[in-house]
Structure formats: structure tokens, C-alpha cells
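> Structure: target-v5.pdb, PDB, C-alpha atoms.
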```pdb
ATOM      1  CA  MET A   1      17.751  17.117 -11.415
ATOM      2  CA  ILE A   2      18.996  19.833  -9.108
ATOM      3  CA  THR A   3      22.743  20.331  -9.247
ATOM      4  CA  ASP A   4      25.109  20.312  -6.298
ATOM      5  CA  GLN A   5      25.924  23.919  -7.188
ATOM      6  CA  ALA A   6      22.340  24.987  -6.380
ATOM      7  CA  PHE A   7      22.750  23.535  -2.885
ATOM      8  CA  ALA A   8      26.015  25.441  -2.400
ATOM      9  CA  PHE A   9      23.948  28.662  -2.453
ATOM     10  CA  GLY A  10      21.788  27.691   0.521
ATOM     11  CA  THR A  11      18.965  25.680  -1.046
ATOM     12  CA  VAL A  12      17.825  22.996   1.364
ATOM     13  CA  ASP A  13      17.093  19.503   0.081
ATOM     14  CA  LYS A  14      13.740  18.370   1.495
ATOM     15  CA  ILE A  15      13.024  15.633  -1.039
ATOM     16  CA  PRO A  16      13.452  12.059   0.206
ATOM     17  CA  PRO A  17      15.039   9.403  -1.980
ATOM     18  CA  ASN A  18      12.857   7.263  -4.224
ATOM     19  CA  ILE A  19      13.102   3.560  -3.305
ATOM     20  CA  ILE A  20      12.534   1.164  -6.180
ATOM     21  CA  THR A  21      11.522  -2.488  -5.787
ATOM     22  CA  LYS A  22       9.868  -5.009  -8.069
ATOM     23  CA  GLY A  23       6.939  -5.211  -5.644
ATOM     24  CA  ASP A  24       5.647  -8.297  -3.895
ATOM     25  CA  ILE A  25       7.489 -11.533  -4.660
ATOM     26  CA  TYR A  26       5.982 -15.001  -4.987
ATOM     27  CA  LYS A  27       8.199 -18.095  -4.761
ATOM     28  CA  ILE A  28       6.752 -21.554  -5.308
ATOM     29  CA  SER A  29       8.362 -23.959  -2.853
ATOM     30  CA  LYS A  30       7.372 -26.668  -0.393
ATOM     31  CA  ILE A  31      10.261 -25.826   1.962
ATOM     32  CA  PRO A  32      11.799 -22.609   3.364
ATOM     33  CA  THR A  33      14.012 -21.116   0.673
ATOM     34  CA  ILE A  34      16.275 -18.220  -0.283
ATOM     35  CA  VAL A  35      14.466 -15.571  -2.319
ATOM     36  CA  GLN A  36      16.552 -13.165  -4.384
ATOM     37  CA  PHE A  37      15.458  -9.515  -4.573
ATOM     38  CA  SER A  38      16.981  -6.144  -5.292
ATOM     39  CA  VAL A  39      16.163  -2.729  -3.878
ATOM     40  CA  VAL A  40      17.713   0.560  -4.994
ATOM     41  CA  ALA A  41      17.185   4.169  -3.964
ATOM     42  CA  ILE A  42      17.694   7.204  -6.175
ATOM     43  CA  ASP A  43      18.001  10.697  -4.722
ATOM     44  CA  ASN A  44      17.619  14.066  -6.451
ATOM     45  CA  VAL A  45      21.008  15.230  -5.061
ATOM     46  CA  ASP A  46      22.989  12.151  -4.060
ATOM     47  CA  ASP A  47      22.023   9.988  -7.061
ATOM     48  CA  GLN A  48      22.051   6.408  -5.727
ATOM     49  CA  VAL A  49      21.904   6.056  -1.935
ATOM     50  CA  GLN A  50      22.249   3.033   0.318
ATOM     51  CA  VAL A  51      19.115   1.079   1.199
ATOM     52  CA  ASP A  52      18.961  -0.971   4.394
ATOM     53  CA  CYS A  53      16.353  -3.726   4.652
ATOM     54  CA  ASP A  54      15.483  -5.985   7.560
ATOM     55  CA  LYS A  55      16.025  -9.011   5.251
ATOM     56  CA  THR A  56      18.721  -9.608   2.635
ATOM     57  CA  PRO A  57      18.765 -11.465  -0.698
ATOM     58  CA  LYS A  58      20.514 -14.276   1.233
ATOM     59  CA  THR A  59      17.714 -14.631   3.803
ATOM     60  CA  VAL A  60      15.972 -18.005   4.010
ATOM     61  CA  PHE A  61      12.251 -17.200   3.936
ATOM     62  CA  ASN A  62       9.846 -19.501   5.764
ATOM     63  CA  LEU A  63       6.643 -20.759   4.155
ATOM     64  CA  GLY A  64       3.965 -18.092   4.200
ATOM     65  CA  LYS A  65       4.163 -14.320   3.958
ATOM     66  CA  THR A  66       7.073 -12.224   5.232
ATOM     67  CA  THR A  67       7.112  -8.437   5.059
ATOM     68  CA  VAL A  68      10.471  -6.929   4.089
ATOM     69  CA  ARG A  69      10.921  -3.348   5.325
ATOM     70  CA  CYS A  70      13.510  -1.015   3.815
ATOM     71  CA  LEU A  71      14.878   2.431   4.678
ATOM     72  CA  ALA A  72      16.996   4.887   2.688
ATOM     73  CA  ILE A  73      18.432   8.168   4.051
ATOM     74  CA  ASP A  74      20.052  10.790   1.836
ATOM     75  CA  SER A  75      22.926  13.124   2.869
ATOM     76  CA  SER A  76      20.395  15.781   3.974
ATOM     77  CA  GLY A  77      18.735  13.348   6.374
ATOM     78  CA  ASN A  78      15.577  12.831   4.303
ATOM     79  CA  GLU A  79      14.159   9.369   4.923
ATOM     80  CA  ALA A  80      12.191   7.073   2.634
ATOM     81  CA  ARG A  81      10.618   3.795   3.680
ATOM     82  CA  ILE A  82       9.039   1.021   1.675
ATOM     83  CA  SER A  83       7.929  -2.526   2.276
ATOM     84  CA  PHE A  84       6.999  -5.499   0.142
ATOM     85  CA  VAL A  85       5.816  -9.016   0.868
ATOM     86  CA  VAL A  86       7.704 -12.209   0.046
ATOM     87  CA  THR A  87       5.338 -15.179  -0.153
ATOM     88  CA  VAL A  88       6.806 -18.688  -0.160
ATOM     89  CA  GLY A  89       4.585 -21.713  -0.599
ATOM     90  CA  TYR A  90       3.240 -24.306  -2.933
ATOM     91  CA  GLU A  91      -0.338 -23.089  -3.057
ATOM     92  CA  ILE A  92      -0.263 -19.314  -2.852
ATOM     93  CA  VAL A  93      -2.493 -16.510  -4.046
ATOM     94  CA  LYS A  94      -0.752 -14.547  -6.779
ATOM     95  CA  ILE A  95      -2.502 -11.410  -8.010
ATOM     96  CA  PRO A  96      -0.602  -8.632  -9.795
ATOM     97  CA  TYR A  97      -1.110  -5.160  -8.354
ATOM     98  CA  TRP A  98      -2.315  -3.772 -11.698
ATOM     99  CA  LEU A  99      -5.451  -5.951 -11.528
ATOM    100  CA  LYS A 100      -6.754  -3.346  -9.072
ATOM    101  CA  HIS A 101      -7.054  -0.895 -11.988
ATOM    102  CA  THR A 102      -9.081  -3.353 -14.061
ATOM    103  CA  THR A 103     -11.221  -4.216 -11.041
ATOM    104  CA  ALA A 104     -11.827  -0.496 -10.436
ATOM    105  CA  PHE A 105     -13.335  -0.210 -13.945
ATOM    106  CA  TRP A 106     -15.678  -3.099 -13.124
ATOM    107  CA  VAL A 107     -16.618  -1.674  -9.695
ATOM    108  CA  ALA A 108     -17.410   1.687 -11.378
ATOM    109  CA  ASP A 109     -19.700  -0.125 -13.879
ATOM    110  CA  GLN A 110     -17.382   0.716 -16.787
ATOM    111  CA  MET A 111     -17.084  -3.023 -17.459
ATOM    112  CA  SER A 112     -19.877  -5.611 -17.326
ATOM    113  CA  ASP A 113     -19.881  -8.601 -14.988
ATOM    114  CA  SER A 114     -19.421 -10.832 -18.029
ATOM    115  CA  GLU A 115     -16.405  -8.858 -19.282
ATOM    116  CA  TYR A 116     -14.829  -8.915 -15.817
ATOM    117  CA  ALA A 117     -15.380 -12.670 -15.482
ATOM    118  CA  GLN A 118     -13.852 -13.184 -18.965
ATOM    119  CA  THR A 119     -10.847 -11.082 -17.952
ATOM    120  CA  LEU A 120     -10.344 -13.159 -14.803
ATOM    121  CA  ARG A 121     -10.713 -16.358 -16.842
ATOM    122  CA  TYR A 122      -7.992 -15.223 -19.265
ATOM    123  CA  LEU A 123      -5.645 -14.265 -16.394
ATOM    124  CA  LEU A 124      -6.229 -17.585 -14.636
ATOM    125  CA  GLU A 125      -5.783 -19.670 -17.809
ATOM    126  CA  ASN A 126      -2.518 -17.898 -18.610
ATOM    127  CA  GLU A 127      -1.300 -18.198 -15.005
ATOM    128  CA  ILE A 128      -1.005 -14.441 -14.603
ATOM    129  CA  ILE A 129      -3.057 -14.828 -11.442
ATOM    130  CA  HIS A 130      -3.145 -17.930  -9.259
ATOM    131  CA  ILE A 131      -6.004 -18.780  -6.923
ATOM    132  CA  PRO A 132      -5.481 -22.003  -4.945
ATOM    133  CA  PHE A 133      -7.998 -24.188  -3.141
ATOM    134  CA  TYR A 134     -11.021 -24.140  -5.400
ATOM    135  CA  LYS A 135     -13.041 -26.832  -7.098
ATOM    136  CA  GLN A 136     -14.146 -25.984 -10.626
ATOM    137  CA  THR A 137     -17.711 -26.961 -11.400
ATOM    138  CA  LYS A 138     -19.008 -27.673 -14.865
ATOM    139  CA  ASN A 139     -22.607 -27.176 -13.784
ATOM    140  CA  ALA A 140     -22.983 -23.406 -13.813
ATOM    141  CA  PHE A 141     -25.726 -22.401 -11.423
ATOM    142  CA  ALA A 142     -24.821 -18.802 -10.522
ATOM    143  CA  LYS A 143     -26.130 -16.258 -13.011
ATOM    144  CA  GLU A 144     -24.563 -13.040 -11.776
ATOM    145  CA  ILE A 145     -21.782 -11.826  -9.530
ATOM    146  CA  PRO A 146     -23.218 -11.084  -6.067
ATOM    147  CA  VAL A 147     -22.943  -7.637  -4.547
ATOM    148  CA  TRP A 148     -20.665  -8.845  -1.716
ATOM    149  CA  ILE A 149     -17.928  -9.619  -4.246
ATOM    150  CA  LYS A 150     -18.122  -6.079  -5.645
ATOM    151  CA  THR A 151     -18.114  -4.646  -2.099
ATOM    152  CA  ASN A 152     -15.043  -6.706  -1.194
ATOM    153  CA  SER A 153     -13.407  -5.641  -4.462
ATOM    154  CA  GLN A 154     -13.853  -1.985  -3.488
ATOM    155  CA  LYS A 155     -12.154  -2.700  -0.152
ATOM    156  CA  TRP A 156      -9.321  -4.547  -1.935
ATOM    157  CA  ILE A 157      -8.759  -1.620  -4.330
ATOM    158  CA  ALA A 158      -8.582   0.757  -1.333
ATOM    159  CA  GLY A 159      -6.036  -1.501   0.395
ATOM    160  CA  ASP A 160      -8.454  -2.529   3.154
ATOM    161  CA  LEU A 161      -8.545  -6.185   2.061
ATOM    162  CA  SER A 162      -5.606  -8.519   1.393
ATOM    163  CA  ASP A 163      -5.056 -10.445  -1.840
ATOM    164  CA  ASP A 164      -5.964 -13.617   0.061
ATOM    165  CA  GLU A 165      -9.277 -12.131   1.199
ATOM    166  CA  PHE A 166      -9.995 -10.771  -2.293
ATOM    167  CA  SER A 167      -9.300 -14.215  -3.777
ATOM    168  CA  ILE A 168     -12.283 -15.654  -1.874
ATOM    169  CA  GLY A 169     -14.613 -13.891  -4.327
ATOM    170  CA  ILE A 170     -12.730 -15.312  -7.300
ATOM    171  CA  GLN A 171     -12.846 -18.779  -5.694
ATOM    172  CA  TRP A 172     -16.597 -18.368  -5.236
ATOM    173  CA  MET A 173     -17.059 -17.433  -8.920
ATOM    174  CA  LEU A 174     -14.944 -20.412 -10.029
ATOM    175  CA  GLU A 175     -16.826 -22.841  -7.795
ATOM    176  CA  ARG A 176     -20.226 -21.611  -9.031
ATOM    177  CA  GLY A 177     -19.290 -21.635 -12.708
ATOM    178  CA  LEU A 178     -19.257 -17.889 -13.364
ATOM    179  CA  ILE A 179     -15.657 -18.347 -14.482
ATOM    180  CA  GLN A 180     -15.030 -21.502 -16.544
ATOM    181  CA  ILE A 181     -11.430 -22.643 -17.019
TER     182      ILE A 181
END
```
Could you show the structure in this file as C-alpha cells?

Amino acid sequence: MITDQAFAFGTVDKIPPNIITKGDIYKISKIPTIVQFSVVAIDNVDDQVQVDCDKTPKTVFNLGKTTVRCLAIDSSGNEARISFVVTVGYEIVKIPYWLKHTTAFWVADQMSDSEYAQTLRYLLENEIIHIPFYKQTKNAFAKEIPVWIKTNSQKWIAGDLSDDEFSIGIQWMLERGLIQI
């Protein structure tokens, strides 16, 4: 960390604060509800700085997805912005961000279709991911994962496809028996 003394000699702080959140939040509820969250910002000079968000931990969130946008400004005027999504509902898609790394291995052919399907099965069985609105079939008739699912997965990894859109491929694999729960 740079000391205040270094700035006394004319060094200009050009580094924005680092805003820390726990990422997207999922709250199971059938009615609008309060969702608790915390956001902090750490600066290289000012230590902890104030963060202002357009929602507070006392906000009642409606069913569906709400984007919370936050801003932190340090004493030198450097700005940092971050946003996260609060999803409230009974049947919601819940996919941890880190699954993108695992999916990237599969997309790059560093993991077989079978291994990827087994990974998804484990995550679904242990409720690490949640994919609503599918009907599990016991009569497996699909033999391999179609190319459109891999194409959509690439878009999801790049941030060009939402979790909801990505979940359609997982729903398809569940409904056709490629993933058995």
C-alpha cells in the first residue's frame, strides 16, 4: 500500500477503489421481500471508502431480477462502479459464476461431453445449481450434446448470454436424458 507520505511529495493517486460484493444474490420467495446484502470499497490511499448503491439492504425487492448499481469515489476523485443482480422468486435459475470456468474447459475440448454432463448432474443433485421448469425423462434418447448447446455455452462464458438463456441447454439435456438426476 502506498503511504500518505508518498502523496505529500506530489504523487497523484490514479487508482480507483476496489468495490467488493458477494456477487449475484438469489432469494427464494413467492412474494416481494427484503434482501440483505453488503458492499464495501477499499482504496489504496483512503482505506475504506463510502459506497453508494441505488438500492439498500432494507429495499423490498419485487419478484424477478433487479440490478443493483453501486458507486465509490475516493478522496482523489477516482470512481469505481459495480453492479450485481438480486433475483427473487420461487422458481429461479441459480448458476454460480465459477461454472463458467468448468464450462470453458468443456468448450475447449479439455473435458468430454460425458464428464461435463456428470459434473452438471452432481451440481444439480447437490443443489449448487438450480434449473427450474424441466421434466426429467427416464427414457434416454439423446446420445450426445448438440453443437448449439456448446455454441450457447461459449456465448454465456463471454457474457453474451444470460444465465436464464444458458439454462435452456441444461433443461434440454435433462429432458432428453443426457443428465439423469
> Give as a list in words every residue, naming chains and numbers as the document does, that has an atom within 6 Å of (-13.2, -16.3, -11.7), counting all atoms listed in the file.
Ala117, Leu120, Arg121, Ile170, Met173, Leu174 and Ile179 of chain A
> Need the axis-aligned box for region 79-86 of chain A with 3 Å each side, so what are the centre and edges in Å to one decimal, as AutoDock Vina command-line options?

```
--center_x 10.0 --center_y -1.4 --center_z 2.5 --size_x 14.3 --size_y 27.6 --size_z 10.9
```
> Mind listing whatever residues come within 8 Å of the point (-13.8, -4.7, -7.5)? Use only C-alpha atoms, file coordinates, and give them as a list in words.
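Every residue inside that radius is included here: Lys100, Thr103, Ala104, Phe105, Trp106, Val107, Ile149, Lys150, Thr151, Asn152, Ser153, Gln154, Lys155, Trp156 and Ile157 of chain A.
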> For the PyMOL selection byres ((chain A and resi 36) around 6), applied here, can you spell out every residue it catches as a ChimeraX atom specification?
/A:35,37,57
> Do you have the CA of Asn62 (chain A)-CA of Ser83 (chain A) distance handy?
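CA of Asn62 (chain A) sits 17.4 Å away from CA of Ser83 (chain A).
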> Counting all atoms listed in the file, which residue out of A:Glu175, A:Leu71, A:Ile181, A:Val147 sits closest to Thr119 (chain A)?
A:Ile181
> Give me the result of the PyMOL selection byres ((chain A and resi 81) around 8) on this file, residue by residue, as a PDB file with C-alpha atoms, keeping the file's coordinate frame.

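Here's the written file out12.pdb:
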```
ATOM      1  CA  ILE A  19      13.102   3.560  -3.305  1.00  0.00           C
ATOM      2  CA  ARG A  69      10.921  -3.348   5.325  1.00  0.00           C
ATOM      3  CA  CYS A  70      13.510  -1.015   3.815  1.00  0.00           C
ATOM      4  CA  LEU A  71      14.878   2.431   4.678  1.00  0.00           C
ATOM      5  CA  ALA A  72      16.996   4.887   2.688  1.00  0.00           C
ATOM      6  CA  GLU A  79      14.159   9.369   4.923  1.00  0.00           C
ATOM      7  CA  ALA A  80      12.191   7.073   2.634  1.00  0.00           C
ATOM      8  CA  ILE A  82       9.039   1.021   1.675  1.00  0.00           C
ATOM      9  CA  SER A  83       7.929  -2.526   2.276  1.00  0.00           C
TER      10      SER A  83
END
```
> List as a list in words the protein and nucleic acid residues near Ser114 (chain A), meaning an atom at most 9 Å away when all atoms listed in the file are counted, but skip any in the same chain fewer than 6 places from it.
Glu144, Ile145 and Leu178 of chain A
> For the file shown, what are the residues hit by the PyMOL selection byres ((chain A and resi 15) around 10), laid out as number ranges by chain?
A: 12-14, 16-18, 43-45, 74, 76-80
> Have a look at CA of Lys55 (chain A) and CA of Val40 (chain A) and let me know their distance in Å, one decimal.
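These atoms are spaced 14.1 Å apart.
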> Counting all atoms listed in the file, figure out which residue out of A:Val86, A:Val93, A:Asp164, A:Trp172 gets nearest to Pro146 (chain A).
A:Trp172
